[in-house]
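Only one structure is covered here, and it is reproduced in the block below.
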Amino acid sequence: MPELPEVETVRRGLEPAMVGARLAGIDQRRPDLRFPFPENFVERLTGRRVEALGRRAKYLLADLDDANVLVMHLGMSGSFRIISGEDSASPGVFHHDRSKNVAHDHVAFTLSTGTRIIYNDPRRFGFMELIARSALAEHALFKNVGIEPLGNALDGAALARLFAGKAAPLKAALLDQTLIAGLGNIYVCEALHRARLSPRRAAGTLARKDGGPTERAHLLARVIREVLEEAVAAGGSSLRDHRQTNGALGYFQHNFRVYDREGSACAAPGCGGIVKRIVQSGRASFFCGACQR
DNA sequence: CTTACACCCTGCTCGC
DNA sequence: TGCGAGCAGGGTGTAA
């Protein structure tokens, strides 16, 4: 489930349970996910206190009291759930969720508070890494990561600067994590619809000849921020993660205007177009051919 | 430098 | 009902 809003939702759900607690026990149930776990993963984590839980792009970053950072990526199918403990229900985190196949519970953290936090990932495209905090920014995982779309750095001028001269389609440019970090397939489709921009349009067309932003660049920057903020407020989108209880998690999927809505009427008032599905660089793009240009 | 594509892996849905 | 094909929210490595 994880694009920026989903990862941020998970972060907010885990934060009250994890921050301030020690990792009293770690149950690592296989040697690898997408990549091998770090050497001595269990030994290096046991007894560490979590000082903060942050997010960069689609990565969760747990600051530890030994100046290392536990970096966690959810891949396509990763999720965390919280078992028992004193914590209250938290959005974005599965509590006592029986819909998860425990065969895919790959890591379980037992906290000093008694709470257990379990990482489940059927496809195993996620991974965990331990990196010295001082080396984080220059680490291969992060040195080329682009700007945060919810930070102050994203505006029309930034988009124009990043996209100037690019022949690549807007869809590909927005998915490129080295330019803007955290957007994924859903929110790129949704943002482009809100900006009435075709996913096939060349990214460079959002910059003027002098490199400055066009009106469309300002609009796109604004709607990217808007759709991400709305999705975070909704607890992200839950597509294939069926929840038994706790309606607090992820209802932004009900607000999709184009994603996975091929054949539906365009949601734009008075448009009358039909949502189309095309494939761009191997991934589905949903858009209205009538109002997105 | 681009851009395109296969691939990693499991599970679900759809059409026959 | 069974079965294979195709597809899925991500990222990387390779090739052209």
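Following the order of the structure tokens, first chain is A, next is B, and so on, with residues numbered from 1 inside each chain and ligands from 1 in the order they appear.
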Per-residue nearest contacts of chain C to chain A (9 Å; only C-alpha atoms (C1' of nucleotides)) as a Markdown table:
```
| residue | atom | partner | partner_atom | distance |
| --- | --- | --- | --- | --- |
| C:DA8 | C1' | A:Met76 | CA | 8.3 |
| C:DG9 | C1' | A:Met1 | CA | 4.4 |
| C:DG10 | C1' | A:Gly75 | CA | 5.3 |
| C:DG11 | C1' | A:Gly75 | CA | 8.1 |
```
Could I get the residues of chain B with an atom no further than 10 Å from an atom of chain A, each paired with its nearest atom pair and that distance in Å to one decimal, using only C-alpha atoms (C1' of nucleotides), sorted by chain and residue number, as CSV?
```
residue,atom,partner,partner_atom,distance
B:DT2,C1',A:Ala168,CA,8.7
B:DT3,C1',A:Ala168,CA,7.9
B:DA4,C1',A:Ser281,CA,6.4
B:DC5,C1',A:Gly282,CA,7.7
B:DC8,C1',A:Phe125,CA,7.2
B:DC9,C1',A:Arg123,CA,4.5
B:DT10,C1',A:Arg123,CA,5.0
B:DG11,C1',A:Pro122,CA,8.2
B:DC12,C1',A:Arg240,CA,8.6
```
Grab the residues selected above and save them as a PDB file, in the first residue's frame with N, CA and C atoms (P, O5', C5', C4', C3', O3' and C1' of nucleotides).
```
ATOM      1  P    DT B   2      19.390  12.725 -17.462  1.00  0.00           P
ATOM      2  O5'  DT B   2      18.572  12.738 -18.821  1.00  0.00           O
ATOM      3  C5'  DT B   2      17.577  11.832 -18.961  1.00  0.00           C
ATOM      4  C4'  DT B   2      17.525  11.306 -20.369  1.00  0.00           C
ATOM      5  C3'  DT B   2      16.356  10.376 -20.468  1.00  0.00           C
ATOM      6  O3'  DT B   2      15.350  11.066 -21.180  1.00  0.00           O
ATOM      7  C1'  DT B   2      18.349   9.368 -21.342  1.00  0.00           C
ATOM      8  P    DT B   3      13.914  10.887 -20.604  1.00  0.00           P
ATOM      9  O5'  DT B   3      13.519   9.425 -21.130  1.00  0.00           O
ATOM     10  C5'  DT B   3      13.692   9.121 -22.500  1.00  0.00           C
ATOM     11  C4'  DT B   3      13.642   7.618 -22.687  1.00  0.00           C
ATOM     12  C3'  DT B   3      12.496   6.943 -21.937  1.00  0.00           C
ATOM     13  O3'  DT B   3      11.747   6.193 -22.855  1.00  0.00           O
ATOM     14  C1'  DT B   3      14.528   5.795 -21.572  1.00  0.00           C
ATOM     15  P    DA B   4      10.440   5.450 -22.425  1.00  0.00           P
ATOM     16  O5'  DA B   4      10.636   4.023 -23.135  1.00  0.00           O
ATOM     17  C5'  DA B   4      11.864   3.641 -23.679  1.00  0.00           C
ATOM     18  C4'  DA B   4      11.988   2.135 -23.625  1.00  0.00           C
ATOM     19  C3'  DA B   4      10.796   1.387 -23.026  1.00  0.00           C
ATOM     20  O3'  DA B   4      10.666   0.142 -23.696  1.00  0.00           O
ATOM     21  C1'  DA B   4      12.694   1.025 -21.668  1.00  0.00           C
ATOM     22  P    DC B   5       9.418  -0.771 -23.466  1.00  0.00           P
ATOM     23  O5'  DC B   5      10.037  -2.023 -22.718  1.00  0.00           O
ATOM     24  C5'  DC B   5      11.246  -2.605 -23.204  1.00  0.00           C
ATOM     25  C4'  DC B   5      11.830  -3.499 -22.147  1.00  0.00           C
ATOM     26  C3'  DC B   5      10.773  -4.314 -21.390  1.00  0.00           C
ATOM     27  O3'  DC B   5      11.024  -5.684 -21.594  1.00  0.00           O
ATOM     28  C1'  DC B   5      12.345  -3.307 -19.905  1.00  0.00           C
ATOM     29  P    DC B   8      13.632 -13.121 -11.343  1.00  0.00           P
ATOM     30  O5'  DC B   8      13.408 -12.642  -9.844  1.00  0.00           O
ATOM     31  C5'  DC B   8      14.493 -12.069  -9.106  1.00  0.00           C
ATOM     32  C4'  DC B   8      13.940 -11.255  -7.977  1.00  0.00           C
ATOM     33  C3'  DC B   8      12.789 -11.941  -7.258  1.00  0.00           C
ATOM     34  O3'  DC B   8      13.301 -12.658  -6.141  1.00  0.00           O
ATOM     35  C1'  DC B   8      12.406  -9.579  -7.593  1.00  0.00           C
ATOM     36  P    DC B   9      12.794 -14.182  -5.963  1.00  0.00           P
ATOM     37  O5'  DC B   9      11.305 -13.985  -5.435  1.00  0.00           O
ATOM     38  C5'  DC B   9      11.105 -13.385  -4.164  1.00  0.00           C
ATOM     39  C4'  DC B   9       9.618 -13.164  -3.965  1.00  0.00           C
ATOM     40  C3'  DC B   9       8.772 -14.404  -4.237  1.00  0.00           C
ATOM     41  O3'  DC B   9       8.436 -15.000  -2.995  1.00  0.00           O
ATOM     42  C1'  DC B   9       7.782 -12.392  -5.097  1.00  0.00           C
ATOM     43  P    DT B  10       7.579 -16.346  -2.967  1.00  0.00           P
ATOM     44  O5'  DT B  10       6.091 -15.768  -2.824  1.00  0.00           O
ATOM     45  C5'  DT B  10       5.745 -15.023  -1.678  1.00  0.00           C
ATOM     46  C4'  DT B  10       4.382 -14.413  -1.862  1.00  0.00           C
ATOM     47  C3'  DT B  10       3.248 -15.427  -2.026  1.00  0.00           C
ATOM     48  O3'  DT B  10       2.339 -15.190  -0.959  1.00  0.00           O
ATOM     49  C1'  DT B  10       3.110 -13.681  -3.655  1.00  0.00           C
ATOM     50  P    DG B  11       1.024 -16.056  -0.814  1.00  0.00           P
ATOM     51  O5'  DG B  11      -0.058 -15.118  -1.506  1.00  0.00           O
ATOM     52  C5'  DG B  11      -0.201 -13.793  -1.035  1.00  0.00           C
ATOM     53  C4'  DG B  11      -1.293 -13.106  -1.809  1.00  0.00           C
ATOM     54  C3'  DG B  11      -2.545 -13.955  -2.007  1.00  0.00           C
ATOM     55  O3'  DG B  11      -3.670 -13.093  -1.949  1.00  0.00           O
ATOM     56  C1'  DG B  11      -1.738 -13.313  -4.083  1.00  0.00           C
ATOM     57  P    DC B  12      -5.075 -13.647  -1.520  1.00  0.00           P
ATOM     58  O5'  DC B  12      -6.062 -12.812  -2.426  1.00  0.00           O
ATOM     59  C5'  DC B  12      -5.789 -11.439  -2.703  1.00  0.00           C
ATOM     60  C4'  DC B  12      -6.203 -11.128  -4.115  1.00  0.00           C
ATOM     61  C3'  DC B  12      -7.523 -11.768  -4.533  1.00  0.00           C
ATOM     62  O3'  DC B  12      -8.455 -10.750  -4.811  1.00  0.00           O
ATOM     63  C1'  DC B  12      -5.855 -12.000  -6.223  1.00  0.00           C
TER      64       DC B  12
END
```
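Per DSSP on the backbone, helix (DSSP H, G or I) in segment 8-143 of chain A comprises Glu8, Thr9, Val10, Arg11, Arg12, Gly13, Leu14, Glu15, Pro16, Ala17, Met18, Phe41, Val42, Glu43, Arg44, Leu45, Val102, Ala103, His104, Arg133, Ser134 and Ala135 of chain A.
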